[in-house]
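Student: Could you have a look at this structure, given as structure tokens, before my questions?
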Amino acid sequence: MSSHIFNNTKEVSWNVIIGVVIAFVATSLFNQFVLARHKVFFNVHGITYGLIHPVLLYTLIALAIVCFIIFGWARLKPRDVGCLTTALKPALMFLFGFWIVAQGCIALILLFRTETLEWNIAWGQGWPAVIGLFIAYLFGTAIYEEIAFRGFMLPQLYLKFGGSTANQTRKHLVYAILASQIVFSLVHLPVLIYDKLSFGIIVARLGACLFLGIIMALIYIRTSNLFLVVGIHALIDTKTGLFNGIEDWMEPGVYTLLMIILLIVWPIFRIRNPWIAESKVC
């Protein structure tokens with residue numbers, strides 16, 4: 001499987017890669033156990049009726065630090081980590097359709113199980129909070145993690161393992177995907193340990209992070225569109241369901257199944273590769 005994402009970046013030093021990992025862990029711990037614990041920015045959440053969530057503000061601070069390492073220290077450009085303006089429009093259009101299909105699947109599951117459908121009252125009574133949480137994860141957590149571990153880490157480890165434009169073998173791809181997503185999973189470990197979760201829950205959550213990370217890495221390679229992966233990531237992390245009675249597993253489960261289907265059927269959509277569109281603009 002060849003992909004344009006490996007052809008359009010320059011290799012950085014191991015120090016930069018390690019710096020991104022350290023910065024991710026450090027800012028995650030700081031956000032969780034300093035800012036969140038002391039309820040910093042919580043007043044903004046109340047003033048805006050939930051439209052501006054503290055998670056967004058916490059993550060933007062962390063994103064700024066990681067971007068300083070990637071774009072300042074390593075002197076990469078946004079396009080080197082998959083941030084292409086030509087990818088925005090197709091990503092937004094596809095994401096909306098993806099969400100609609102997911103809601104349809106959830107509706108069918110609920111009809112099969114309960115034979116009734118009830119609209120989610122959160123959309124009517126507290127829609128700013130629903131939208132605010134989605135915005136927080138879309139422009140905060142999702143884009144932060146996707147830039148760090150799919151946009152940056154994945155192609156960098158591909159190059160470190162000997163891959164190149166002319167030498168895209170399955171071995172290089174497998175090594176890069178597994179290594180980058182194992183790192184993505186393990187960087188969540190300090191927070192899980194600090195939360196004093198049981199060993200079984202920690203293992204399960206790390207396994208879920210690894211599995212979803214691999215799927216999202218494959219989608220990025222398949223579609224060459226990082227913003228599309230950012231949007232799906234945000235949907236998985238937030239509850240935007242239209243119906244009541246949705247169990248905790250249902251939305252992420254449906255999204256995961258649709259992601260796997262997307263990997264298989266993507267070629268039939270005939271959506272222009274954003275890297276090719278970018279090169280024509282340039």
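Letters for chains follow the order of the structure tokens (A, B, ...), residue numbers begin at 1 for each chain, and ligand numbers begin at 1 in the order shown.
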Pick out the residues sitting within 9 Å of range 98-102 of chain A, and hand them over as a PDB file with C-alpha atoms, in the first residue's frame; count only C-alpha atoms, and ignore anything fewer than 2 positions along from it in its own chain.
Tutor:
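Final file, around-v4.pdb:
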ATOM      1  CA  MET A  93     -18.288  16.736   3.764  1.00  0.00           C
ATOM      2  CA  PHE A  94     -17.344  13.140   4.367  1.00  0.00           C
ATOM      3  CA  LEU A  95     -17.461  13.550   8.157  1.00  0.00           C
ATOM      4  CA  PHE A  96     -21.036  14.826   8.033  1.00  0.00           C
ATOM      5  CA  GLY A 104     -28.863   5.614  11.149  1.00  0.00           C
ATOM      6  CA  CYS A 105     -27.070   2.477  12.346  1.00  0.00           C
ATOM      7  CA  ILE A 106     -27.655   3.415  15.983  1.00  0.00           C
ATOM      8  CA  ALA A 107     -31.341   4.036  15.253  1.00  0.00           C
ATOM      9  CA  ILE A 232     -13.698  10.629  13.283  1.00  0.00           C
ATOM     10  CA  LEU A 235     -16.807  11.678  17.160  1.00  0.00           C
ATOM     11  CA  THR A 240     -23.283  13.382  19.759  1.00  0.00           C
ATOM     12  CA  GLY A 241     -26.049  10.798  19.392  1.00  0.00           C
ATOM     13  CA  GLU A 251     -21.473   5.008  19.555  1.00  0.00           C
ATOM     14  CA  VAL A 254     -20.606   1.774  15.537  1.00  0.00           C
ATOM     15  CA  TYR A 255     -17.925   4.301  14.609  1.00  0.00           C
ATOM     16  CA  LEU A 258     -17.736   2.035  10.074  1.00  0.00           C
TER      17      LEU A 258
END
Student: Once you count only C-alpha atoms, what closest atom pair and distance in Å to one decimal does each residue of range 184-231 of chain A within 12 Å of range 73-83 of chain A have, with rows by chain and rising residue number, as a tab-separated table?
Tutor:
residue	atom	partner	partner_atom	distance
A:Tyr220	CA	A:Gly82	CA	9.2
A:Ile221	CA	A:Gly82	CA	10.6
A:Thr223	CA	A:Gly82	CA	11.2
A:Ser224	CA	A:Gly82	CA	7.8
A:Asn225	CA	A:Gly82	CA	7.0
A:Leu226	CA	A:Gly82	CA	5.7
A:Phe227	CA	A:Cys83	CA	7.4
A:Leu228	CA	A:Gly82	CA	10.8
A:Val229	CA	A:Gly82	CA	10.7
A:Val230	CA	A:Cys83	CA	10.7
Student: Under the rule that only C-alpha atoms are counted, which of A:Leu218, A:Phe139, A:Ile236, A:Val183 is the nearest residue to Ile260 in chain A?
Tutor: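 So, comparing all the options, the nearest one is A:Leu218.
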Student: Rounded to one decimal place, report the CA of Ile202 in chain A-CA of Met153 in chain A distance in Å.
Tutor: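 Going from CA of Ile202 in chain A over to CA of Met153 in chain A, I get 23.4 Å.
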Student: Separation of CA of Tyr49 in chain A and CA of Gly253 in chain A, in Å?
Tutor: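 Straight-line distance from CA of Tyr49 in chain A to CA of Gly253 in chain A works out to 29.3 Å.
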Student: Using DSSP on the backbone, list every residue of range 6-248 of chain A that comes out as alpha helix (DSSP H), and give them as a VMD selection string.
Tutor: chain A and resid 14 to 30 42 to 47 54 to 67 88 to 114 121 to 125 127 to 136 143 to 145 153 to 160 170 to 186 189 to 194 199 to 223 226 to 237
Student: Please identify all polymer residues within 12 Å of Val16 in chain A, counting only C-alpha atoms, omitting same-chain residues fewer than 4 positions from it, and present them as a PyMOL selection string.
Tutor: chain A and resi 11-12+20-23+66-76+148+152-153+156-157
Student: Could you take the residues named above and write them with C-alpha atoms, as a PDB file, in the first residue's frame?
Tutor:
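The resulting file, out30.pdb, is reproduced below:
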ATOM      1  CA  GLU A  11      13.267  13.228   8.452  1.00  0.00           C
ATOM      2  CA  VAL A  12      13.966  14.754  11.877  1.00  0.00           C
ATOM      3  CA  VAL A  20       7.248  15.241  21.274  1.00  0.00           C
ATOM      4  CA  VAL A  21       6.581  12.152  23.413  1.00  0.00           C
ATOM      5  CA  ILE A  22       7.885  13.801  26.591  1.00  0.00           C
ATOM      6  CA  ALA A  23       5.906  16.967  25.896  1.00  0.00           C
ATOM      7  CA  VAL A  66       4.023  20.264  20.644  1.00  0.00           C
ATOM      8  CA  CYS A  67       3.664  22.518  17.591  1.00  0.00           C
ATOM      9  CA  PHE A  68       6.607  24.597  18.843  1.00  0.00           C
ATOM     10  CA  ILE A  69       8.713  21.415  18.898  1.00  0.00           C
ATOM     11  CA  ILE A  70       7.556  20.234  15.471  1.00  0.00           C
ATOM     12  CA  PHE A  71       7.469  23.541  13.612  1.00  0.00           C
ATOM     13  CA  GLY A  72       9.976  25.559  15.638  1.00  0.00           C
ATOM     14  CA  TRP A  73      12.664  23.129  16.741  1.00  0.00           C
ATOM     15  CA  ALA A  74      12.385  20.652  13.855  1.00  0.00           C
ATOM     16  CA  ARG A  75      11.434  23.372  11.329  1.00  0.00           C
ATOM     17  CA  LEU A  76       8.787  21.256   9.671  1.00  0.00           C
ATOM     18  CA  ALA A 148       1.433  14.188  17.118  1.00  0.00           C
ATOM     19  CA  PHE A 152       4.137  13.443  12.730  1.00  0.00           C
ATOM     20  CA  MET A 153       5.121  10.199  14.452  1.00  0.00           C
ATOM     21  CA  GLN A 156       8.887   9.901  10.949  1.00  0.00           C
ATOM     22  CA  LEU A 157       9.170   6.325  12.226  1.00  0.00           C
TER      23      LEU A 157
END
Student: Any idea what's packed within 8 Å of range 119-131 of chain A, counting only C-alpha atoms, ignoring anything in its chain fewer than 3 positions away? Could you give it as an mmCIF file with C-alpha atoms, in the first residue's frame?
Tutor:
data_model
loop_
_atom_site.group_PDB
_atom_site.id
_atom_site.type_symbol
_atom_site.label_atom_id
_atom_site.label_comp_id
_atom_site.auth_asym_id
_atom_site.auth_seq_id
_atom_site.Cartn_x
_atom_site.Cartn_y
_atom_site.Cartn_z
ATOM 1 C CA TYR A 49 -23.406 27.650 28.749
ATOM 2 C CA GLY A 50 -20.957 24.879 27.906
ATOM 3 C CA LEU A 51 -20.032 26.137 24.447
ATOM 4 C CA HIS A 53 -15.212 23.607 27.360
ATOM 5 C CA PHE A 134 -17.499 18.176 20.332
ATOM 6 C CA ILE A 135 -15.637 21.395 19.465
ATOM 7 C CA LYS A 239 -21.438 11.733 22.620
ATOM 8 C CA THR A 240 -23.283 13.382 19.759
ATOM 9 C CA GLY A 241 -26.049 10.798 19.392
ATOM 10 C CA LEU A 242 -29.511 11.944 18.339
ATOM 11 C CA PHE A 243 -31.360 9.370 20.429
ATOM 12 C CA ASN A 244 -31.905 8.418 24.064
#
Student: Just checking: using only C-alpha atoms, which residue out of A:His45, A:Arg272, A:Arg205, A:Arg113 ends up closest to Lys89 in chain A?
Tutor: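 Once distances to Lys89 in chain A are computed over only C-alpha atoms, the minimum belongs to A:Arg272.
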Student: When distances are computed from only C-alpha atoms, which of A:Gly245, A:Gly140, A:Pro252, A:Pro190 shows the smallest separation from Thr116 in chain A?
Tutor: A:Gly245
